[in-house]
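> The structure file input32.cif (mmCIF, C-alpha atoms) is provided below.
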```cif
data_work
#
loop_
_atom_site.group_PDB
_atom_site.id
_atom_site.type_symbol
_atom_site.label_atom_id
_atom_site.label_comp_id
_atom_site.auth_asym_id
_atom_site.auth_seq_id
_atom_site.Cartn_x
_atom_site.Cartn_y
_atom_site.Cartn_z
ATOM 1 C CA ASP A 6 0.105 14.052 -47.335
ATOM 2 C CA GLY A 7 -0.704 15.713 -44.028
ATOM 3 C CA GLY A 8 -2.293 19.105 -44.069
ATOM 4 C CA ILE A 9 -5.333 21.301 -43.804
ATOM 5 C CA THR A 10 -7.943 21.431 -46.516
ATOM 6 C CA GLN A 11 -10.620 24.020 -46.991
ATOM 7 C CA SER A 12 -13.430 23.744 -49.452
ATOM 8 C CA PRO A 13 -14.602 25.180 -51.637
ATOM 9 C CA LYS A 14 -11.891 27.586 -52.808
ATOM 10 C CA TYR A 15 -14.480 30.100 -54.024
ATOM 11 C CA LEU A 16 -18.044 30.421 -52.778
ATOM 12 C CA PHE A 17 -20.835 32.693 -53.920
ATOM 13 C CA ARG A 18 -24.025 33.189 -51.971
ATOM 14 C CA LYS A 19 -27.012 35.460 -52.065
ATOM 15 C CA GLU A 20 -27.514 37.949 -49.290
ATOM 16 C CA GLY A 21 -29.598 36.536 -46.447
ATOM 17 C CA GLN A 22 -28.453 32.939 -46.889
ATOM 18 C CA ASN A 23 -26.438 31.016 -44.360
ATOM 19 C CA VAL A 24 -23.347 29.311 -45.726
ATOM 20 C CA THR A 25 -20.990 26.736 -44.192
ATOM 21 C CA LEU A 26 -17.269 26.645 -44.896
ATOM 22 C CA SER A 27 -15.453 23.369 -44.486
ATOM 23 C CA CYS A 28 -12.116 22.842 -42.733
ATOM 24 C CA GLU A 29 -10.497 19.430 -42.326
ATOM 25 C CA GLN A 30 -7.070 18.540 -40.974
ATOM 26 C CA ASN A 31 -5.252 15.208 -40.820
ATOM 27 C CA LEU A 32 -2.365 16.471 -38.699
ATOM 28 C CA ASN A 33 -3.923 15.093 -35.508
ATOM 29 C CA HIS A 34 -3.890 18.611 -34.089
ATOM 30 C CA ASP A 35 -6.033 19.393 -31.073
ATOM 31 C CA ALA A 36 -6.558 23.122 -31.616
ATOM 32 C CA MET A 37 -8.268 24.666 -34.623
ATOM 33 C CA TYR A 38 -8.993 28.275 -35.547
ATOM 34 C CA TRP A 39 -10.971 30.411 -37.970
ATOM 35 C CA TYR A 40 -9.698 33.783 -39.152
ATOM 36 C CA ARG A 41 -11.136 36.380 -41.465
ATOM 37 C CA GLN A 42 -8.963 38.416 -43.817
ATOM 38 C CA ASP A 43 -10.076 41.586 -45.567
ATOM 39 C CA PRO A 44 -8.046 43.414 -48.253
ATOM 40 C CA GLY A 45 -5.154 45.326 -46.742
ATOM 41 C CA GLN A 46 -5.898 43.965 -43.298
ATOM 42 C CA GLY A 47 -4.332 41.484 -40.964
ATOM 43 C CA LEU A 48 -6.040 38.315 -39.868
ATOM 44 C CA ARG A 49 -8.797 38.603 -37.283
ATOM 45 C CA LEU A 50 -9.806 35.688 -35.096
ATOM 46 C CA ILE A 51 -13.420 34.516 -35.358
ATOM 47 C CA TYR A 52 -13.539 31.333 -33.274
ATOM 48 C CA TYR A 53 -11.139 28.754 -31.938
ATOM 49 C CA SER A 54 -11.428 25.296 -30.473
ATOM 50 C CA GLN A 55 -8.987 23.449 -28.261
ATOM 51 C CA ILE A 56 -10.803 20.137 -28.069
ATOM 52 C CA VAL A 57 -13.774 18.289 -29.494
ATOM 53 C CA ASN A 58 -17.137 19.720 -28.432
ATOM 54 C CA ASP A 59 -15.531 22.874 -27.091
ATOM 55 C CA PHE A 60 -14.959 26.244 -28.767
ATOM 56 C CA GLN A 61 -14.414 29.859 -27.797
ATOM 57 C CA LYS A 62 -15.306 33.167 -29.406
ATOM 58 C CA GLY A 63 -12.545 35.213 -30.913
ATOM 59 C CA ASP A 64 -12.515 38.934 -31.545
ATOM 60 C CA ILE A 65 -15.207 39.037 -34.250
ATOM 61 C CA ALA A 66 -17.560 36.124 -33.541
ATOM 62 C CA GLU A 67 -20.815 37.985 -34.126
ATOM 63 C CA GLY A 68 -22.721 36.561 -37.095
ATOM 64 C CA TYR A 69 -20.708 33.333 -37.135
ATOM 65 C CA SER A 70 -21.155 29.896 -35.596
ATOM 66 C CA VAL A 71 -18.947 26.808 -35.393
ATOM 67 C CA SER A 72 -19.072 23.199 -34.295
ATOM 68 C CA ARG A 73 -16.369 20.699 -33.352
ATOM 69 C CA GLU A 74 -17.936 17.257 -33.423
ATOM 70 C CA LYS A 75 -14.773 15.581 -34.676
ATOM 71 C CA LYS A 76 -11.139 16.331 -33.953
ATOM 72 C CA GLU A 77 -10.287 16.694 -37.614
ATOM 73 C CA SER A 78 -13.188 18.958 -38.599
ATOM 74 C CA PHE A 79 -14.110 22.528 -37.637
ATOM 75 C CA PRO A 80 -16.793 23.930 -39.967
ATOM 76 C CA LEU A 81 -17.688 27.623 -39.885
ATOM 77 C CA THR A 82 -21.195 28.874 -40.649
ATOM 78 C CA VAL A 83 -21.553 32.435 -41.841
ATOM 79 C CA THR A 84 -25.070 33.423 -40.903
ATOM 80 C CA SER A 85 -27.340 36.049 -42.387
ATOM 81 C CA ALA A 86 -26.681 38.110 -39.258
ATOM 82 C CA GLN A 87 -23.118 38.793 -40.381
ATOM 83 C CA LYS A 88 -23.284 42.304 -41.836
ATOM 84 C CA ASN A 89 -20.237 42.143 -44.111
ATOM 85 C CA PRO A 90 -19.625 38.490 -44.917
ATOM 86 C CA THR A 91 -17.620 38.940 -48.125
ATOM 87 C CA ALA A 92 -14.031 38.100 -47.176
ATOM 88 C CA PHE A 93 -11.239 35.536 -47.364
ATOM 89 C CA TYR A 94 -11.658 32.936 -44.618
ATOM 90 C CA LEU A 95 -8.670 31.027 -43.281
ATOM 91 C CA CYS A 96 -8.702 27.941 -41.103
ATOM 92 C CA ALA A 97 -5.670 26.944 -39.053
ATOM 93 C CA SER A 98 -4.669 24.222 -36.626
ATOM 94 C CA SER A 99 -1.963 23.696 -34.057
ATOM 95 C CA ASP A 100 -0.681 20.830 -31.971
ATOM 96 C CA GLY A 101 -1.297 20.664 -28.243
ATOM 97 C CA ARG A 102 -4.402 21.264 -26.185
ATOM 98 C CA THR A 103 -3.492 24.825 -25.221
ATOM 99 C CA PRO A 104 -4.416 27.154 -28.074
ATOM 100 C CA PHE A 105 -1.825 29.603 -29.395
ATOM 101 C CA THR A 106 1.027 27.688 -27.793
ATOM 102 C CA ASP A 107 2.303 25.943 -30.868
ATOM 103 C CA THR A 108 2.804 26.989 -34.460
ATOM 104 C CA GLN A 109 -0.408 27.493 -36.381
ATOM 105 C CA TYR A 110 -0.606 25.899 -39.814
ATOM 106 C CA PHE A 111 -3.016 27.515 -42.228
ATOM 107 C CA GLY A 112 -5.246 26.050 -44.889
ATOM 108 C CA PRO A 113 -5.460 27.509 -48.413
ATOM 109 C CA GLY A 114 -8.521 29.611 -47.577
ATOM 110 C CA THR A 115 -12.037 30.073 -48.937
ATOM 111 C CA ARG A 116 -13.020 33.282 -50.659
ATOM 112 C CA LEU A 117 -16.680 34.007 -49.903
ATOM 113 C CA THR A 118 -18.556 36.529 -51.986
ATOM 114 C CA VAL A 119 -22.077 37.509 -50.998
ATOM 115 C CA LEU A 120 -24.043 38.992 -53.842
ATOM 116 C CA GLY B 23 -6.983 46.489 -28.216
ATOM 117 C CA GLN B 24 -3.338 45.936 -29.018
ATOM 118 C CA GLN B 25 -2.217 46.828 -32.504
ATOM 119 C CA LEU B 26 0.810 46.056 -34.589
ATOM 120 C CA ASN B 27 2.019 48.726 -36.976
ATOM 121 C CA GLN B 28 3.702 47.131 -39.933
ATOM 122 C CA SER B 29 5.700 49.122 -42.467
ATOM 123 C CA PRO B 30 6.050 49.735 -45.249
ATOM 124 C CA GLN B 31 2.584 48.891 -46.516
ATOM 125 C CA SER B 32 4.025 47.935 -49.887
ATOM 126 C CA MET B 33 7.409 47.805 -51.568
ATOM 127 C CA PHE B 34 8.527 47.796 -55.178
ATOM 128 C CA ILE B 35 12.059 46.518 -55.659
ATOM 129 C CA GLN B 36 14.345 45.152 -58.348
ATOM 130 C CA GLU B 37 15.275 41.498 -58.348
ATOM 131 C CA GLY B 38 18.481 41.000 -56.401
ATOM 132 C CA GLU B 39 17.898 43.849 -53.966
ATOM 133 C CA ASP B 40 17.742 43.395 -50.226
ATOM 134 C CA VAL B 41 14.464 44.069 -48.429
ATOM 135 C CA SER B 42 13.752 45.324 -44.931
ATOM 136 C CA MET B 43 10.422 45.590 -43.186
ATOM 137 C CA ASN B 44 9.419 46.076 -39.585
ATOM 138 C CA CYS B 45 6.669 45.804 -37.078
ATOM 139 C CA THR B 46 6.174 47.990 -34.016
ATOM 140 C CA SER B 47 3.781 48.121 -31.118
ATOM 141 C CA SER B 48 3.120 50.192 -28.050
ATOM 142 C CA SER B 49 2.812 46.941 -26.074
ATOM 143 C CA ILE B 50 5.495 44.483 -25.049
ATOM 144 C CA PHE B 51 5.301 41.147 -26.834
ATOM 145 C CA ASN B 52 6.890 37.878 -25.785
ATOM 146 C CA THR B 53 6.633 36.162 -29.147
ATOM 147 C CA TRP B 54 7.102 37.538 -32.639
ATOM 148 C CA LEU B 55 6.192 35.615 -35.763
ATOM 149 C CA TRP B 56 6.726 36.346 -39.431
ATOM 150 C CA TYR B 57 4.461 34.785 -42.078
ATOM 151 C CA LYS B 58 4.383 34.952 -45.863
ATOM 152 C CA GLN B 59 1.176 34.704 -47.846
ATOM 153 C CA ASP B 60 1.109 33.966 -51.556
ATOM 154 C CA PRO B 61 -1.906 35.273 -53.523
ATOM 155 C CA GLY B 62 -5.032 33.244 -52.792
ATOM 156 C CA GLU B 63 -3.265 31.003 -50.271
ATOM 157 C CA GLY B 64 -2.970 30.738 -46.513
ATOM 158 C CA PRO B 65 -0.006 32.242 -44.638
ATOM 159 C CA VAL B 66 3.071 30.123 -44.069
ATOM 160 C CA LEU B 67 5.263 30.607 -41.020
ATOM 161 C CA LEU B 68 8.759 31.819 -41.919
ATOM 162 C CA ILE B 69 10.407 32.572 -38.602
ATOM 163 C CA ALA B 70 9.395 32.474 -34.928
ATOM 164 C CA LEU B 71 11.189 34.544 -32.272
ATOM 165 C CA TYR B 72 10.836 33.968 -28.547
ATOM 166 C CA LYS B 73 13.584 35.985 -26.862
ATOM 167 C CA ALA B 74 14.443 39.691 -26.824
ATOM 168 C CA GLY B 75 17.478 40.368 -28.984
ATOM 169 C CA GLU B 76 17.155 37.035 -30.764
ATOM 170 C CA LEU B 77 18.341 37.007 -34.368
ATOM 171 C CA THR B 78 17.172 34.042 -36.444
ATOM 172 C CA SER B 79 17.789 33.154 -40.073
ATOM 173 C CA ASN B 80 15.907 30.952 -42.495
ATOM 174 C CA GLY B 81 17.833 30.849 -45.760
ATOM 175 C CA ARG B 82 17.900 34.365 -47.176
ATOM 176 C CA LEU B 83 15.528 35.595 -44.486
ATOM 177 C CA THR B 84 16.667 37.034 -41.184
ATOM 178 C CA ALA B 85 14.403 38.269 -38.420
ATOM 179 C CA GLN B 86 15.160 39.966 -35.129
ATOM 180 C CA PHE B 87 13.235 40.304 -31.889
ATOM 181 C CA GLY B 88 13.795 43.892 -30.767
ATOM 182 C CA ILE B 89 15.506 44.540 -27.450
ATOM 183 C CA THR B 90 12.594 46.658 -26.223
ATOM 184 C CA ARG B 91 10.208 43.764 -27.018
ATOM 185 C CA LYS B 92 8.057 46.281 -28.879
ATOM 186 C CA ASP B 93 9.361 45.666 -32.361
ATOM 187 C CA SER B 94 10.661 43.128 -34.825
ATOM 188 C CA PHE B 95 12.403 43.283 -38.176
ATOM 189 C CA LEU B 96 12.513 41.029 -41.208
ATOM 190 C CA ASN B 97 15.221 41.231 -43.847
ATOM 191 C CA ILE B 98 15.329 39.396 -47.143
ATOM 192 C CA SER B 99 18.641 39.321 -48.955
ATOM 193 C CA ALA B 100 19.120 39.076 -52.728
ATOM 194 C CA SER B 101 15.413 38.981 -53.562
ATOM 195 C CA ILE B 102 14.122 36.597 -56.224
ATOM 196 C CA PRO B 103 10.776 36.541 -58.070
ATOM 197 C CA SER B 104 9.230 33.929 -55.763
ATOM 198 C CA ASP B 105 9.635 36.332 -52.825
ATOM 199 C CA VAL B 106 6.601 38.220 -54.130
ATOM 200 C CA GLY B 107 3.712 38.111 -51.684
ATOM 201 C CA ILE B 108 2.446 39.609 -48.472
ATOM 202 C CA TYR B 109 4.568 39.398 -45.359
ATOM 203 C CA PHE B 110 2.766 39.514 -42.023
ATOM 204 C CA CYS B 111 4.218 40.049 -38.626
ATOM 205 C CA ALA B 112 2.326 38.642 -35.662
ATOM 206 C CA GLY B 113 2.849 38.974 -31.964
ATOM 207 C CA GLN B 114 1.762 37.302 -28.801
ATOM 208 C CA LEU B 115 1.671 39.158 -25.508
ATOM 209 C CA ARG B 116 2.240 36.087 -23.380
ATOM 210 C CA ARG B 117 3.535 32.974 -25.078
ATOM 211 C CA GLY B 118 1.004 30.187 -25.066
ATOM 212 C CA ASP B 119 -1.503 32.195 -23.132
ATOM 213 C CA ASP B 120 -2.876 34.760 -25.469
ATOM 214 C CA LYS B 121 -4.261 35.280 -28.908
ATOM 215 C CA ILE B 122 -1.945 36.097 -31.759
ATOM 216 C CA ILE B 123 -2.273 39.616 -33.132
ATOM 217 C CA PHE B 124 -1.482 40.157 -36.807
ATOM 218 C CA GLY B 125 -0.123 43.225 -38.552
ATOM 219 C CA LYS B 126 -1.729 44.434 -41.778
ATOM 220 C CA GLY B 127 1.061 43.102 -43.924
ATOM 221 C CA THR B 128 3.756 44.375 -46.272
ATOM 222 C CA ARG B 129 3.075 43.618 -49.922
ATOM 223 C CA LEU B 130 6.307 42.942 -51.790
ATOM 224 C CA HIS B 131 6.451 43.525 -55.547
ATOM 225 C CA ILE B 132 9.486 42.677 -57.659
ATOM 226 C CA LEU B 133 9.928 44.672 -60.834
ATOM 227 C CA PRO B 134 11.025 42.815 -63.968
#
```
For this file, produce the structure as structure tokens.

Amino acid sequence: DGGITQSPKYLFRKEGQNVTLSCEQNLNHDAMYWYRQDPGQGLRLIYYSQIVNDFQKGDIAEGYSVSREKKESFPLTVTSAQKNPTAFYLCASSDGRTPFTDTQYFGPGTRLTVL
Amino acid sequence: GQQLNQSPQSMFIQEGEDVSMNCTSSSIFNTWLWYKQDPGEGPVLLIALYKAGELTSNGRLTAQFGITRKDSFLNISASIPSDVGIYFCAGQLRRGDDKIIFGKGTRLHILP
């Protein structure tokens, strides 16, 4: 089945540790995105990538880093510099090289809790 | 930055009732999107609107792109238990050329 997978579903980390969230898609989509969702809030864009080896900061990139070494993978690292890392993280992808042009399909999300 | 005001924040309804929710902005948008998110899952696109005045249906769901381009509405007819979830509106200032801005969501509860 084609789709977007995120792992793990739940992640617990101690304060001060970096943690990497996985996002894989087999839809052959060019563009990929990371969003953060907090309770009672809409989605906020962290980073996006329109092609391999290229990515752009979103609205709340501070304390996060990404890489896009393969078309199907767009991992997100939450660094110790992120002041409030506990949140629900959503990965998405869309067809076409121009981001935000086509429908974004979301993964199931990873809930990160920093203790 | 631009904001979308989505209302109501939450709704409690009886099964079988119709539901209406809306999204407004002080800015003009050229694309409106409506997503549904089930608990612990990612959002799923329900309806996309690209033209002012456009009225689009998807089963029991109907959404409209407001004439002023500053608002959009989503209606659900004859609600059923699986309609429970959070409904997000999202807008794009310039189609294909701008980030998508999300509202804070309307949480729909269906009373037994």
> Give me the residues within 12 Å of Gly75 in chain B as a list in words, counting only C-alpha atoms and dropping any in the same chain fewer than 6 places off.
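In the requested form, the answer reads Asn52, Thr53, Trp54, Ala85, Gln86, Phe87, Gly88, Ile89, Thr90, Arg91, Lys92, Asp93, Ser94 and Phe95 of chain B.
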> Mind dumping the selected residues with C-alpha atoms as an mmCIF file, in the coordinates of the input?

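As written to disk, again-v7.cif reads:
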```cif
data_model
loop_
_atom_site.group_PDB
_atom_site.id
_atom_site.type_symbol
_atom_site.label_atom_id
_atom_site.label_comp_id
_atom_site.auth_asym_id
_atom_site.auth_seq_id
_atom_site.Cartn_x
_atom_site.Cartn_y
_atom_site.Cartn_z
ATOM 1 C CA ASN B 52 6.890 37.878 -25.785
ATOM 2 C CA THR B 53 6.633 36.162 -29.147
ATOM 3 C CA TRP B 54 7.102 37.538 -32.639
ATOM 4 C CA ALA B 85 14.403 38.269 -38.420
ATOM 5 C CA GLN B 86 15.160 39.966 -35.129
ATOM 6 C CA PHE B 87 13.235 40.304 -31.889
ATOM 7 C CA GLY B 88 13.795 43.892 -30.767
ATOM 8 C CA ILE B 89 15.506 44.540 -27.450
ATOM 9 C CA THR B 90 12.594 46.658 -26.223
ATOM 10 C CA ARG B 91 10.208 43.764 -27.018
ATOM 11 C CA LYS B 92 8.057 46.281 -28.879
ATOM 12 C CA ASP B 93 9.361 45.666 -32.361
ATOM 13 C CA SER B 94 10.661 43.128 -34.825
ATOM 14 C CA PHE B 95 12.403 43.283 -38.176
#
```
> So which residues get picked by the PyMOL selection byres ((chain B) within 6 of (chain A)) here, written as an NGL selection string?
:B and (63-64 or 118 or 124-126)
> Between CA of His34 in chain A and CA of Gln11 in chain A, what is the distance, to one decimal in Å?
15.5 Å
> Using only C-alpha atoms, which residues sit within 7 Å of Gly8 in chain A once same-chain residues fewer than 6 positions away are excluded, as a PyMOL selection string?
chain A and resi 30-32
> Between B:Asn97, B:Gln59, B:Ser49, B:Gln31, which residue has the minimum interatomic distance to Arg116 in chain B, considering all atoms listed in the file?
B:Ser49
> Do you have the CA of Ser70 in chain A-CA of Phe110 in chain B distance handy?
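Result for CA of Ser70 in chain A versus CA of Phe110 in chain B: 26.6 Å, one decimal.
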> Can you translate the PyMOL selection byres ((chain B and resi 57) around 6) into the concrete residues it hits in this file, as number ranges by chain?
B: 56, 58, 65-68, 109-110
> Which of these, B:Val41, B:Ile50, B:Leu55, B:Leu77, has the shortest distance to Ile132 in chain B once you count all atoms listed in the file?
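Of the candidates, the smallest distance to Ile132 in chain B is held by B:Val41.
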> Is there a way to get, as number ranges by chain, all residues within 6 Å of the point (12.8, 43.8, -61.7) in file coordinates, counting all atoms listed in the file?
B: 36-37, 132-134
> Between CA of Thr84 in chain A and CA of Asn23 in chain A, what distance in Å does the model show, to one decimal?
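So the two atoms, CA of Thr84 in chain A and CA of Asn23 in chain A, lie 4.4 Å apart.
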> When distances are computed from all atoms listed in the file, which of B:Pro30, B:Pro61, B:Gly81, B:Gly113 shows the smallest separation from Met43 in chain B?
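With all atoms listed in the file as the atom set, the closest residue is B:Pro30.
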> I'd like to know which of B:Ala100, B:Asp120, B:Ala112, B:Asn27 is closest to Ala70 in chain B, using only C-alpha atoms.
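That would be B:Ala112, the residue with the smallest distance to Ala70 in chain B.
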> Within 9 Å of Leu26 in chain A, counting all atoms listed in the file, which residues qualify if same-chain residues fewer than 2 places away don't, as a PDB file with C-alpha atoms, in the coordinates of the input?

```pdb
ATOM      1  CA  GLN A  11     -10.620  24.020 -46.991  1.00  0.00           C
ATOM      2  CA  SER A  12     -13.430  23.744 -49.452  1.00  0.00           C
ATOM      3  CA  PRO A  13     -14.602  25.180 -51.637  1.00  0.00           C
ATOM      4  CA  LEU A  16     -18.044  30.421 -52.778  1.00  0.00           C
ATOM      5  CA  VAL A  24     -23.347  29.311 -45.726  1.00  0.00           C
ATOM      6  CA  CYS A  28     -12.116  22.842 -42.733  1.00  0.00           C
ATOM      7  CA  PHE A  79     -14.110  22.528 -37.637  1.00  0.00           C
ATOM      8  CA  PRO A  80     -16.793  23.930 -39.967  1.00  0.00           C
ATOM      9  CA  LEU A  81     -17.688  27.623 -39.885  1.00  0.00           C
ATOM     10  CA  THR A  82     -21.195  28.874 -40.649  1.00  0.00           C
ATOM     11  CA  VAL A  83     -21.553  32.435 -41.841  1.00  0.00           C
ATOM     12  CA  TYR A  94     -11.658  32.936 -44.618  1.00  0.00           C
ATOM     13  CA  THR A 115     -12.037  30.073 -48.937  1.00  0.00           C
ATOM     14  CA  LEU A 117     -16.680  34.007 -49.903  1.00  0.00           C
TER      15      LEU A 117
END
```
> Select, counting only C-alpha atoms, all protein, DNA and RNA residues no farther than 7 Å from (7.4, 44.0, -53.3) in file coordinates, and express the selection as a PyMOL selection string.
chain B and resi 32-35+106+129-132
> Mind telling me what the PyMOL selection byres ((chain A and resi 68) around 6) catches here, as a PyMOL selection string?
chain A and resi 67+69+84+86-87
> Show me, as lines of an AutoDock Vina configuration file, the centre and edge lengths in Å to one decimal of the axis-aligned box that covers every listed atom of range 25-32 of chain A with 3 Å on each side.

```
center_x = -11.7
center_y = 21.0
center_z = -41.8
size_x = 24.6
size_y = 17.5
size_z = 12.2
```
> With all atoms listed in the file as the basis for distance, which of B:Pro103, B:Ile69, B:Asn80, B:Leu96 is at the shortest distance from Gly38 in chain B?
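So, comparing all the options, the nearest one is B:Pro103.
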